[in-house]
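S.K.: Please see the structure below; I have some questions.
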Amino acid sequence: MLDKTRGRIFVFENGRPTFSGAALTGENQSDFLAPDAFTKSFAEQKGLRYKVTPAGRYTVSPGFDHAYGVTLDVNEVQGTDWDIAIHRVWLGAPSEHRDARLRSPGGEDKHITYGCIDVDGSTMEGLLRRLPNADGTPLYILPADERLIMQLFQPSQAARRPPSPDG
């Protein structure tokens, strides 16, 4: 489970939290991707409106990226040449202070990514040790707007492409 408001990721086993770590999420705190996000390439997604970690129920699968190493790819959020994944923190723009933001105790510092979920190396290792090495491990991303919790997590909701603000 990802609490993007507080910048924390949790692993639950048998209904109990067994692991947690700091996480960075999308700079835009919206709970929904822009309606045209899936039709645009990464290069075409200009501006804050596209830097969203969408809330909802998803599944993750192990993946690999040459820049980040092992990743946990969010299966339902894949664009034309981009996707959202859990991966080691990107440090390519030192002015963003992502490493310091991860260590910050407050949730207000945790919103800086393009939409991916950035974690430090030890958190990534902890996730990989605790999660099954199989496709379809559930990931619940809690909305910043708590009024959306019932809408997003109704029992009949299956893993699917993230909703847009239009429904």
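By order in the structure tokens, chains are A, B, ...; within a chain, residues start at 1; ligands start at 1, following the order shown.
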Residues of stretch 17-111 of chain A that approach stretch 134-139 of chain A to 12 Å or less, counting only C-alpha atoms: could you list each one with the shortest pair of atoms and its distance in Å to one decimal, rows by chain and increasing residue number, as JSON lines?

M.R.:
{"residue": "A:Pro54", "atom": "CA", "partner": "A:Leu139", "partner_atom": "CA", "distance": 11.5}
{"residue": "A:Ala55", "atom": "CA", "partner": "A:Leu139", "partner_atom": "CA", "distance": 9.9}
{"residue": "A:Gly56", "atom": "CA", "partner": "A:Leu139", "partner_atom": "CA", "distance": 8.2}
{"residue": "A:Arg57", "atom": "CA", "partner": "A:Leu139", "partner_atom": "CA", "distance": 5.9}
{"residue": "A:Tyr58", "atom": "CA", "partner": "A:Leu139", "partner_atom": "CA", "distance": 5.1}
{"residue": "A:Thr59", "atom": "CA", "partner": "A:Pro138", "partner_atom": "CA", "distance": 4.4}
{"residue": "A:Val60", "atom": "CA", "partner": "A:Thr137", "partner_atom": "CA", "distance": 5.3}
{"residue": "A:Ser61", "atom": "CA", "partner": "A:Asp135", "partner_atom": "CA", "distance": 4.4}
{"residue": "A:Pro62", "atom": "CA", "partner": "A:Asp135", "partner_atom": "CA", "distance": 7.0}
{"residue": "A:Gly63", "atom": "CA", "partner": "A:Asp135", "partner_atom": "CA", "distance": 9.8}
{"residue": "A:Leu72", "atom": "CA", "partner": "A:Thr137", "partner_atom": "CA", "distance": 9.5}
{"residue": "A:Asp73", "atom": "CA", "partner": "A:Asp135", "partner_atom": "CA", "distance": 9.4}
{"residue": "A:Val74", "atom": "CA", "partner": "A:Leu139", "partner_atom": "CA", "distance": 8.2}
{"residue": "A:Asn75", "atom": "CA", "partner": "A:Gly136", "partner_atom": "CA", "distance": 7.9}
{"residue": "A:Glu76", "atom": "CA", "partner": "A:Gly136", "partner_atom": "CA", "distance": 10.2}
{"residue": "A:Ala85", "atom": "CA", "partner": "A:Leu139", "partner_atom": "CA", "distance": 11.0}
{"residue": "A:Ile86", "atom": "CA", "partner": "A:Leu139", "partner_atom": "CA", "distance": 10.5}

S.K.: State, in Å with one decimal place, the distance from atom CA of A:Lys40 to atom CA of A:Gly115.

M.R.: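 According to the coordinates, atom CA of A:Lys40 and atom CA of A:Gly115 are separated by 14.5 Å.
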
S.K.: Enumerate as a VMD selection string all residues of stretch 108-160 of chain A assigned to strand (DSSP E) by DSSP on the backbone, naming them with the chain letters and numbers the document uses.

M.R.: chain A and resid 111 to 113 117 to 119 137 to 142

S.K.: Could the residues in this selection be written to a file with C-alpha atoms, as a PDB file, in the first residue's frame?

M.R.:
ATOM      1  CA  HIS A 111       5.930  15.052  -4.062  1.00  0.00           C
ATOM      2  CA  ILE A 112       8.560  15.491  -6.785  1.00  0.00           C
ATOM      3  CA  THR A 113       8.474  12.629  -9.335  1.00  0.00           C
ATOM      4  CA  ILE A 117       7.273   5.845  -6.901  1.00  0.00           C
ATOM      5  CA  ASP A 118      10.887   6.458  -5.881  1.00  0.00           C
ATOM      6  CA  VAL A 119      12.333   4.627  -2.865  1.00  0.00           C
ATOM      7  CA  THR A 137       0.810  -8.491  -6.586  1.00  0.00           C
ATOM      8  CA  PRO A 138      -1.820  -5.938  -5.450  1.00  0.00           C
ATOM      9  CA  LEU A 139      -0.817  -2.333  -4.896  1.00  0.00           C
ATOM     10  CA  TYR A 140      -3.248   0.090  -3.307  1.00  0.00           C
ATOM     11  CA  ILE A 141      -2.373   3.748  -3.834  1.00  0.00           C
ATOM     12  CA  LEU A 142      -4.369   5.823  -1.378  1.00  0.00           C
TER      13      LEU A 142
END

S.K.: Determine, counting only C-alpha atoms, which protein, DNA and RNA residues have an atom within 12 Å of an atom of A:Pro105; residues of the same chain fewer than 3 positions away are not included. Present the result as a VMD selection string.

M.R.: chain A and resid 6 to 8 21 to 23 100 to 102 108 to 110

S.K.: Hey, can you check how far atom CA of A:Ser20 sits from atom CA of A:Trp90?

M.R.: 19.5 Å

S.K.: Which of these, A:Glu146, A:Asp83, A:Glu125, A:Asp99, has the shortest distance to A:Ser41 once you count only C-alpha atoms?

M.R.: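 The answer is A:Asp83, which sits nearest to A:Ser41.
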
S.K.: Please measure the separation of atom CA of A:Gly107 and atom CA of A:Ala144, giving the value in Å to one decimal.

M.R.: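 Atom CA of A:Ala144 lies 11.1 Å from atom CA of A:Gly107.
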
S.K.: Of the candidates A:Ile149, A:Cys116, A:Val70, A:Val52, which one gets nearest to A:Phe32 if we count only C-alpha atoms?

M.R.: A:Val52
